[in-house]
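Chemist: Please find my_file-v9.csv (CSV, C-alpha atoms) on the next line:
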```csv
chain,number,residue,atom,x,y,z
A,21,MET,CA,131.1,91.6,101.2
A,22,ILE,CA,129.6,89.2,103.7
A,23,CYS,CA,126.8,90.3,106.0
A,24,ILE,CA,125.7,88.7,109.3
A,25,ILE,CA,122.1,89.2,110.2
A,26,GLY,CA,121.8,88.5,113.9
A,27,GLY,CA,118.6,87.5,115.6
A,28,THR,CA,117.7,86.7,119.2
A,29,GLY,CA,120.7,86.6,121.5
A,30,VAL,CA,123.6,86.9,119.1
A,31,TYR,CA,124.2,90.7,119.1
A,32,GLU,CA,127.5,90.1,120.9
A,33,ILE,CA,129.0,89.0,117.5
A,34,ALA,CA,129.6,92.7,116.8
A,35,ASP,CA,131.4,93.2,120.1
A,36,LYS,CA,133.9,90.5,119.4
A,37,SER,CA,135.3,92.0,116.2
A,38,ASP,CA,138.7,93.6,115.9
A,39,SER,CA,137.2,97.0,115.2
A,40,LYS,CA,133.7,98.4,114.6
A,41,ARG,CA,132.1,101.4,113.1
A,42,GLU,CA,128.4,102.2,112.6
A,43,GLU,CA,126.7,103.9,109.7
A,44,VAL,CA,123.1,104.6,108.9
A,45,ILE,CA,122.3,103.5,105.4
A,46,LYS,CA,119.4,105.5,103.8
A,47,THR,CA,117.0,103.6,101.5
A,48,VAL,CA,113.6,104.3,99.9
A,49,TYR,CA,112.2,101.8,102.4
A,50,GLY,CA,113.7,103.4,105.5
A,51,ASP,CA,117.0,103.9,107.3
A,52,VAL,CA,119.1,101.0,108.5
A,53,LYS,CA,121.9,101.0,111.1
A,54,VAL,CA,124.7,98.8,109.8
A,55,SER,CA,127.8,97.9,111.8
A,56,PHE,CA,131.0,97.4,109.8
A,57,LEU,CA,133.2,94.9,111.6
A,58,THR,CA,136.8,93.9,111.0
A,59,ILE,CA,137.3,90.2,111.6
A,60,GLU,CA,140.7,88.7,110.9
A,61,GLY,CA,141.4,91.6,108.4
A,62,ASN,CA,138.0,91.1,106.6
A,63,GLU,CA,135.4,93.8,106.6
A,64,VAL,CA,132.0,92.4,107.4
A,65,ALA,CA,128.6,94.0,107.7
A,66,PHE,CA,126.3,93.3,110.6
A,67,ILE,CA,122.6,94.0,111.1
A,68,SER,CA,120.8,93.4,114.4
A,69,ARG,CA,117.4,92.2,113.1
A,70,HIS,CA,115.5,93.2,116.3
A,71,ALA,CA,117.6,96.4,117.0
A,72,THR,CA,119.3,97.4,120.2
A,73,GLY,CA,117.6,95.9,123.3
A,74,HIS,CA,115.6,93.5,121.2
A,75,SER,CA,113.1,96.3,120.7
A,76,ILE,CA,111.6,95.4,117.3
A,77,PRO,CA,109.2,92.4,117.3
A,78,PRO,CA,109.3,90.0,114.4
A,79,HIS,CA,106.2,91.2,112.6
A,80,MET,CA,107.4,94.8,112.6
A,81,ILE,CA,110.9,94.2,111.2
A,82,ASN,CA,111.6,96.3,108.1
A,83,PHE,CA,112.9,93.5,106.0
A,84,LYS,CA,112.9,95.4,102.7
A,85,ALA,CA,114.9,98.3,104.1
A,86,ASN,CA,117.5,95.8,105.6
A,87,ILE,CA,118.0,93.9,102.4
A,88,GLN,CA,118.1,97.0,100.2
A,89,ALA,CA,120.7,98.6,102.5
A,90,LEU,CA,122.9,95.5,102.2
A,91,LYS,CA,122.6,95.5,98.4
A,92,ASP,CA,123.5,99.2,98.3
A,93,ILE,CA,126.7,98.6,100.3
A,94,GLY,CA,127.8,95.7,98.1
A,95,VAL,CA,126.9,92.6,100.1
A,96,THR,CA,126.9,89.4,98.1
A,97,GLN,CA,126.6,86.8,100.8
A,98,ILE,CA,124.3,86.8,103.9
A,99,ILE,CA,124.7,84.5,106.9
A,100,ALA,CA,121.5,84.9,109.0
A,101,THR,CA,120.8,83.4,112.4
A,102,ASN,CA,117.3,82.5,113.5
A,103,SER,CA,116.0,81.0,116.8
A,104,VAL,CA,113.5,78.3,116.0
A,105,GLY,CA,111.4,75.6,117.6
A,106,SER,CA,111.6,72.0,116.5
A,107,LEU,CA,108.8,69.7,115.2
A,108,ASN,CA,111.4,67.0,114.5
A,109,LEU,CA,112.6,64.8,117.3
A,110,ASP,CA,115.9,64.4,115.5
A,111,LEU,CA,116.5,68.1,115.8
A,112,GLY,CA,116.6,68.9,119.5
A,113,PRO,CA,117.3,72.0,121.6
A,114,GLY,CA,120.9,73.2,121.1
A,115,ASP,CA,121.2,71.9,117.5
A,116,LEU,CA,122.4,74.3,114.8
A,117,VAL,CA,120.6,73.5,111.6
A,118,LEU,CA,120.9,74.9,108.1
A,119,ALA,CA,117.4,75.3,106.6
A,120,ASP,CA,117.0,74.3,102.9
A,121,ASP,CA,113.3,75.0,102.3
A,122,PHE,CA,110.4,77.0,103.8
A,123,LEU,CA,106.7,77.2,104.3
A,124,ASP,CA,105.5,80.8,104.5
A,125,PHE,CA,102.6,81.4,106.9
A,126,THR,CA,103.3,85.1,107.4
A,127,ILE,CA,100.3,87.4,106.8
A,128,LYS,CA,100.9,91.1,106.5
A,129,ARG,CA,104.6,91.4,105.6
A,130,ASP,CA,105.7,93.2,102.5
A,131,LYS,CA,107.1,90.3,100.6
A,132,THR,CA,108.6,91.6,97.3
A,133,PHE,CA,110.5,94.5,95.8
A,134,TYR,CA,108.5,94.1,92.6
A,135,ASP,CA,105.0,95.6,92.9
A,136,ASP,CA,105.4,97.6,89.7
A,137,LYS,CA,106.4,94.8,87.3
A,138,VAL,CA,106.1,91.0,87.0
A,139,VAL,CA,109.1,89.2,88.5
A,140,HIS,CA,108.6,85.5,89.3
A,141,VAL,CA,111.8,84.7,91.2
A,142,ASP,CA,112.7,81.0,91.4
A,143,VAL,CA,113.0,79.6,94.9
A,144,THR,CA,113.5,75.9,94.1
A,145,THR,CA,116.5,76.2,96.3
A,146,PRO,CA,115.7,79.2,98.5
A,147,TYR,CA,118.6,78.9,100.8
A,148,CYS,CA,121.8,79.0,98.8
A,149,PRO,CA,123.2,75.5,98.4
A,150,ARG,CA,126.8,76.7,97.7
A,151,LEU,CA,126.8,78.9,100.9
A,152,ARG,CA,125.3,76.1,102.9
A,153,ASP,CA,128.0,73.7,101.7
A,154,GLU,CA,130.7,76.2,102.7
A,155,LEU,CA,129.2,76.7,106.2
A,156,MET,CA,129.1,72.9,106.7
A,157,LYS,CA,132.9,73.0,106.6
A,158,CYS,CA,133.0,75.6,109.4
A,159,GLY,CA,131.6,73.7,112.4
A,160,SER,CA,129.1,71.2,113.7
A,161,LEU,CA,125.9,71.9,111.8
A,162,LYS,CA,123.1,69.8,110.5
A,163,ASN,CA,122.2,70.5,106.8
A,164,GLY,CA,118.7,70.3,105.6
A,165,ALA,CA,115.4,71.2,107.2
A,166,THR,CA,112.1,72.8,106.2
A,167,LEU,CA,111.3,75.9,108.2
A,168,ALA,CA,107.7,77.1,108.7
A,169,CYS,CA,107.7,80.9,109.2
A,170,THR,CA,104.8,82.4,111.2
A,171,GLU,CA,103.7,86.0,111.6
A,172,GLY,CA,104.2,86.2,115.4
A,173,PRO,CA,104.7,87.7,117.9
A,174,ARG,CA,102.8,84.9,119.7
A,175,PHE,CA,104.0,81.3,119.8
A,176,GLU,CA,102.1,78.7,117.7
A,177,THR,CA,99.2,76.6,119.0
A,178,PRO,CA,99.5,72.7,119.2
A,179,ALA,CA,97.0,72.4,116.3
A,180,GLU,CA,99.1,74.8,114.1
A,181,ILE,CA,102.2,72.8,114.9
A,182,LYS,CA,100.4,69.6,114.0
A,183,MET,CA,99.4,71.1,110.7
A,184,PHE,CA,102.9,72.3,109.9
A,185,SER,CA,104.2,68.8,110.7
A,186,VAL,CA,101.7,67.2,108.3
A,187,LEU,CA,102.9,69.6,105.6
A,188,GLY,CA,106.5,68.6,106.1
A,189,ALA,CA,108.0,71.3,108.4
A,190,ASP,CA,110.9,70.4,110.7
A,191,LEU,CA,111.3,73.8,112.3
A,192,VAL,CA,109.2,76.8,113.1
A,193,GLY,CA,110.3,80.4,113.5
A,194,MET,CA,109.2,84.0,112.9
A,195,THR,CA,112.0,85.8,111.1
A,196,SER,CA,113.2,84.0,107.9
A,197,LEU,CA,110.4,85.2,105.7
A,198,PRO,CA,110.4,87.3,103.6
A,199,GLU,CA,114.1,87.9,104.3
A,200,VAL,CA,115.3,84.9,102.3
A,201,VAL,CA,113.1,85.8,99.3
A,202,LEU,CA,114.0,89.5,99.3
A,203,ALA,CA,117.7,88.5,99.3
A,204,ARG,CA,117.1,86.3,96.3
A,205,GLU,CA,115.3,89.1,94.5
A,206,LYS,CA,118.4,91.3,95.1
A,207,GLU,CA,120.6,88.4,93.8
A,208,MET,CA,122.5,87.8,97.0
A,209,CYS,CA,123.4,84.4,98.4
A,210,TYR,CA,121.6,83.7,101.7
A,211,ALA,CA,121.9,80.9,104.3
A,212,SER,CA,120.2,80.6,107.7
A,213,ILE,CA,121.8,79.0,110.7
A,214,CYS,CA,118.8,78.0,112.8
A,215,ILE,CA,119.4,77.7,116.6
A,216,VAL,CA,116.9,75.1,117.9
A,217,SER,CA,115.8,76.6,121.3
A,218,ASN,CA,112.9,74.2,122.2
A,219,TYR,CA,110.4,71.7,120.9
A,220,ALA,CA,107.3,73.4,119.6
A,221,ALA,CA,103.9,73.6,121.3
A,222,GLY,CA,102.2,70.2,121.7
A,223,ILE,CA,105.6,68.5,121.4
A,224,SER,CA,107.2,70.2,124.4
A,225,GLU,CA,106.0,68.9,127.7
A,226,THR,CA,106.0,72.4,129.1
A,227,LYS,CA,104.7,75.8,128.0
A,228,LEU,CA,107.0,77.9,125.8
A,229,THR,CA,108.8,80.8,127.3
A,230,MET,CA,111.2,83.5,126.0
A,231,GLU,CA,113.5,82.6,128.9
A,232,GLU,CA,113.9,79.1,127.6
A,233,VAL,CA,114.8,80.5,124.1
A,234,LEU,CA,117.5,82.8,125.5
A,235,GLU,CA,119.0,80.1,127.7
A,236,ILE,CA,119.6,77.8,124.8
A,237,VAL,CA,121.0,80.6,122.6
A,238,GLU,CA,123.3,81.7,125.4
A,239,ALA,CA,124.6,78.1,125.7
A,240,LYS,CA,125.3,77.8,122.0
A,241,LYS,CA,126.5,81.3,121.4
A,242,LYS,CA,130.2,80.4,121.4
A,243,ASP,CA,129.7,77.6,118.9
A,244,LEU,CA,127.7,79.9,116.6
A,245,VAL,CA,130.2,82.7,116.8
A,246,ASP,CA,133.1,80.3,116.0
A,247,ILE,CA,131.2,79.0,112.9
A,248,ILE,CA,130.6,82.5,111.7
A,249,TYR,CA,134.1,83.7,112.3
A,250,THR,CA,135.5,80.6,110.5
A,251,ALA,CA,133.2,81.3,107.6
A,252,VAL,CA,134.2,85.0,107.4
A,253,LYS,CA,137.9,83.9,107.2
A,254,THR,CA,137.4,81.2,104.6
A,255,LEU,CA,134.6,82.3,102.3
A,256,ASP,CA,135.8,83.6,98.9
A,257,ASP,CA,134.7,87.0,97.7
A,258,ASP,CA,135.5,85.9,94.1
A,259,PHE,CA,132.8,83.4,93.2
A,260,ASP,CA,129.9,82.8,90.9
A,261,CYS,CA,126.6,81.3,91.9
A,262,ASP,CA,123.1,81.0,90.5
A,263,CYS,CA,121.9,83.4,93.2
A,264,LEU,CA,123.8,86.2,91.6
A,265,HIS,CA,121.7,85.8,88.4
A,266,ALA,CA,118.3,85.1,90.0
A,267,ILE,CA,116.3,87.7,88.1
A,268,GLU,CA,118.4,88.1,85.0
A,269,GLU,CA,115.6,87.1,82.7
A,270,PHE,CA,113.4,89.9,84.1
A,271,LYS,CA,115.9,92.7,83.7
A,272,ASP,CA,115.3,95.3,81.0
```
Transcribe the structure of this file into structure tokens.
Modeler:
Amino acid sequence: MICIIGGTGVYEIADKSDSKREEVIKTVYGDVKVSFLTIEGNEVAFISRHATGHSIPPHMINFKANIQALKDIGVTQIIATNSVGSLNLDLGPGDLVLADDFLDFTIKRDKTFYDDKVVHVDVTTPYCPRLRDELMKCGSLKNGATLACTEGPRFETPAEIKMFSVLGADLVGMTSLPEVVLAREKEMCYASICIVSNYAAGISETKLTMEEVLEIVEAKKKDLVDIIYTAVKTLDDDFDCDCLHAIEEFKD
């Protein structure tokens, strides 16, 4: 099964499906409301990362419960959406970008399912290359960018942005980590479509606002939904991938 994890401004994806039902999935990490959508005859799971009304800030998202719930219902492929700022002048507001690497600057998030045993998951290619290649066939996307993930909920300072840029970041956001790593620990393919909403602090000539973010997301919503719908129709459920065997060597 495919899952769409929707971030800022893309909750309407669930409303555009042929049919919809909701179910609360209980996990040891908490309960998760999952929408089951029918898109062109395919059942797809959908999670609203920030919940109804955008009520959960990025640093309070229960990432472990979300990913565990998806594993429990049989999800094997995750298409996530993330609103981001750009540090790279070649990636401007309105661009849709597939991240291929990350820098983790989150502070207090619960980052692993494995506190009781040693599991060193490989993240040489943290965002699934196979799934990214498939998404590239579905619409106008740019493939390849390093995403710096911060704790939030505040925006970053110009000095922080300068540091991230020196370290090689192209984009900055608040929601990709630890989501992408937890998905790998649960042996699911994960790709992130990053919606560039603005240039980051110190690069942008104006102060950053949430209104600016939502305006860009609104403008790109149709393109994003079209890409996701095409992916749902074309992605094969019968596949093999290194992601599906990510922790095989650590299993009893």
Chemist: Work out how far apart atom CA of A:Lys84 and atom CA of A:Val54 are and give it in Å to one decimal.
Modeler: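 If I compute the distance from atom CA of A:Lys84 to atom CA of A:Val54, I get 14.2 Å.
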Chemist: For A:Ile22, which of A:Gly188, A:Gly94, A:Gly61, A:Pro149 is the closest residue, counting all atoms listed in the file?
Modeler: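 Looking only at the distances to A:Ile22, the closest residue turns out to be A:Gly94.
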Chemist: Between A:Glu60, A:Asp190, A:Asp257, A:Asp153, which has the minimum distance to A:Leu107 (counting all atoms listed in the file)?
Modeler: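 For A:Leu107, the nearest of the candidates is A:Asp190.
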Chemist: Have a look at A:Ala251, A:Ala221, A:Ala85, A:Leu202 and name the one nearest to A:Pro146; count all atoms listed in the file.
Modeler: A:Leu202
Chemist: Smallest atom-to-atom distance to A:Asn108: which of A:Ile223, A:Ala203, A:Ile81, A:Ile213, using all atoms listed in the file?
Modeler: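 Looking only at the distances to A:Asn108, the closest residue turns out to be A:Ile223.
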Chemist: Show me, as JSON lines, the residues of stretch 49-152 of chain A having an atom within 7 Å of stretch 159-166 of chain A, each with the closest atom pair and its distance in Å, using all atoms listed in the file.
Modeler:
```
{"residue": "A:Leu116", "atom": "CA", "partner": "A:Leu161", "partner_atom": "CA", "distance": 5.2}
{"residue": "A:Val117", "atom": "CA", "partner": "A:Lys162", "partner_atom": "CA", "distance": 4.6}
{"residue": "A:Leu118", "atom": "CA", "partner": "A:Asn163", "partner_atom": "CA", "distance": 4.8}
{"residue": "A:Ala119", "atom": "CA", "partner": "A:Ala165", "partner_atom": "CA", "distance": 4.6}
{"residue": "A:Asp120", "atom": "CA", "partner": "A:Gly164", "partner_atom": "CA", "distance": 5.1}
{"residue": "A:Asp121", "atom": "CA", "partner": "A:Thr166", "partner_atom": "CA", "distance": 4.6}
{"residue": "A:Phe122", "atom": "CA", "partner": "A:Thr166", "partner_atom": "CA", "distance": 5.1}
```
Chemist: How far is it from atom CA of A:Tyr249 to atom CA of A:Ile24, in Å with one decimal?
Modeler: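 Taking atom CA of A:Tyr249 and atom CA of A:Ile24, their separation equals 10.2 Å.
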Chemist: Smallest atom-to-atom distance to A:Asp260: which of A:Asp135, A:Glu232, A:Glu207, A:Asp272, using all atoms listed in the file?
Modeler: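 Closest to A:Asp260 of all the choices is A:Glu207.
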Chemist: Find the spatial neighbours of A:Tyr210, counting only C-alpha atoms, within a cut-off of 10 Å - ignore same-chain residues fewer than 5 positions away - and output them as an NGL selection string.
Modeler: :A and (22-24 or 96-100 or 146-152 or 199-204 or 263)
Chemist: Take the residues just selected and output them with C-alpha atoms as an mmCIF file, keeping the file's coordinate frame.
Modeler:
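The file below, part-v5.cif, is the result:
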```cif
data_model
loop_
_atom_site.group_PDB
_atom_site.id
_atom_site.type_symbol
_atom_site.label_atom_id
_atom_site.label_comp_id
_atom_site.auth_asym_id
_atom_site.auth_seq_id
_atom_site.Cartn_x
_atom_site.Cartn_y
_atom_site.Cartn_z
ATOM 1 C CA ILE A 22 129.600 89.200 103.700
ATOM 2 C CA CYS A 23 126.800 90.300 106.000
ATOM 3 C CA ILE A 24 125.700 88.700 109.300
ATOM 4 C CA THR A 96 126.900 89.400 98.100
ATOM 5 C CA GLN A 97 126.600 86.800 100.800
ATOM 6 C CA ILE A 98 124.300 86.800 103.900
ATOM 7 C CA ILE A 99 124.700 84.500 106.900
ATOM 8 C CA ALA A 100 121.500 84.900 109.000
ATOM 9 C CA PRO A 146 115.700 79.200 98.500
ATOM 10 C CA TYR A 147 118.600 78.900 100.800
ATOM 11 C CA CYS A 148 121.800 79.000 98.800
ATOM 12 C CA PRO A 149 123.200 75.500 98.400
ATOM 13 C CA ARG A 150 126.800 76.700 97.700
ATOM 14 C CA LEU A 151 126.800 78.900 100.900
ATOM 15 C CA ARG A 152 125.300 76.100 102.900
ATOM 16 C CA GLU A 199 114.100 87.900 104.300
ATOM 17 C CA VAL A 200 115.300 84.900 102.300
ATOM 18 C CA VAL A 201 113.100 85.800 99.300
ATOM 19 C CA LEU A 202 114.000 89.500 99.300
ATOM 20 C CA ALA A 203 117.700 88.500 99.300
ATOM 21 C CA ARG A 204 117.100 86.300 96.300
ATOM 22 C CA CYS A 263 121.900 83.400 93.200
#
```
Chemist: Using only C-alpha atoms, determine which residues lie at most 7 Å from stretch 168-178 of chain A, disregarding the query and same-chain residues fewer than 6 positions distant; provide the list as an MDAnalysis selection string.
Modeler: chainID A and resid 77:79 122:127 184 189 191:197 221:222
Chemist: For A:Ser37, find every residue with an atom within 8 Å (counting all atoms listed in the file), except residues of its own chain fewer than 6 positions away, and show them as a compact mmCIF listing (two decimals) with C-alpha atoms, in the frame of the given file.
Modeler:
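The result, written out as around.txt:
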```txt
# COMPACT_ATOMS: atom_id res chain seq x y z
CA LEU A 57 133.20 94.90 111.60
CA THR A 58 136.80 93.90 111.00
CA ILE A 59 137.30 90.20 111.60
```
Chemist: With all atoms listed in the file as the counted atoms, please give the residues lying no more than 7 Å from A:Tyr219, apart from itself and same-chain residues fewer than 6 positions off, as a list in words.
Modeler: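 What passes the distance filter is Gly105, Ser106, Leu107, Gly112 and Pro113 of chain A.
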Chemist: Between A:Asn102, A:Glu154, A:Thr144, A:Ala71, single out the one closest to A:Asp256, counting only C-alpha atoms.
Modeler: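 Checking each of A:Asn102, A:Glu154, A:Thr144, A:Ala71 against A:Asp256, counting only C-alpha atoms, the winner is A:Glu154.
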Chemist: Write out as an MDAnalysis selection string the residues lying within 9 Å of A:Val44, counting all atoms listed in the file and excluding same-chain residues fewer than 6 positions away.
Modeler: chainID A and resid 51:55
Chemist: Would you write out those residues with C-alpha atoms, as a PDB file, in the frame of the given file?
Modeler:
```pdb
ATOM      1  CA  ASP A  51     117.000 103.900 107.300  1.00  0.00           C
ATOM      2  CA  VAL A  52     119.100 101.000 108.500  1.00  0.00           C
ATOM      3  CA  LYS A  53     121.900 101.000 111.100  1.00  0.00           C
ATOM      4  CA  VAL A  54     124.700  98.800 109.800  1.00  0.00           C
ATOM      5  CA  SER A  55     127.800  97.900 111.800  1.00  0.00           C
TER       6      SER A  55
END
```
Chemist: As an exercise, work out the distance from atom CA of A:Ala65 to atom CA of A:Ile93 in Å and give it to one decimal place.
Modeler: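 Atom-to-atom, atom CA of A:Ala65 and atom CA of A:Ile93 are spaced 8.9 Å apart.
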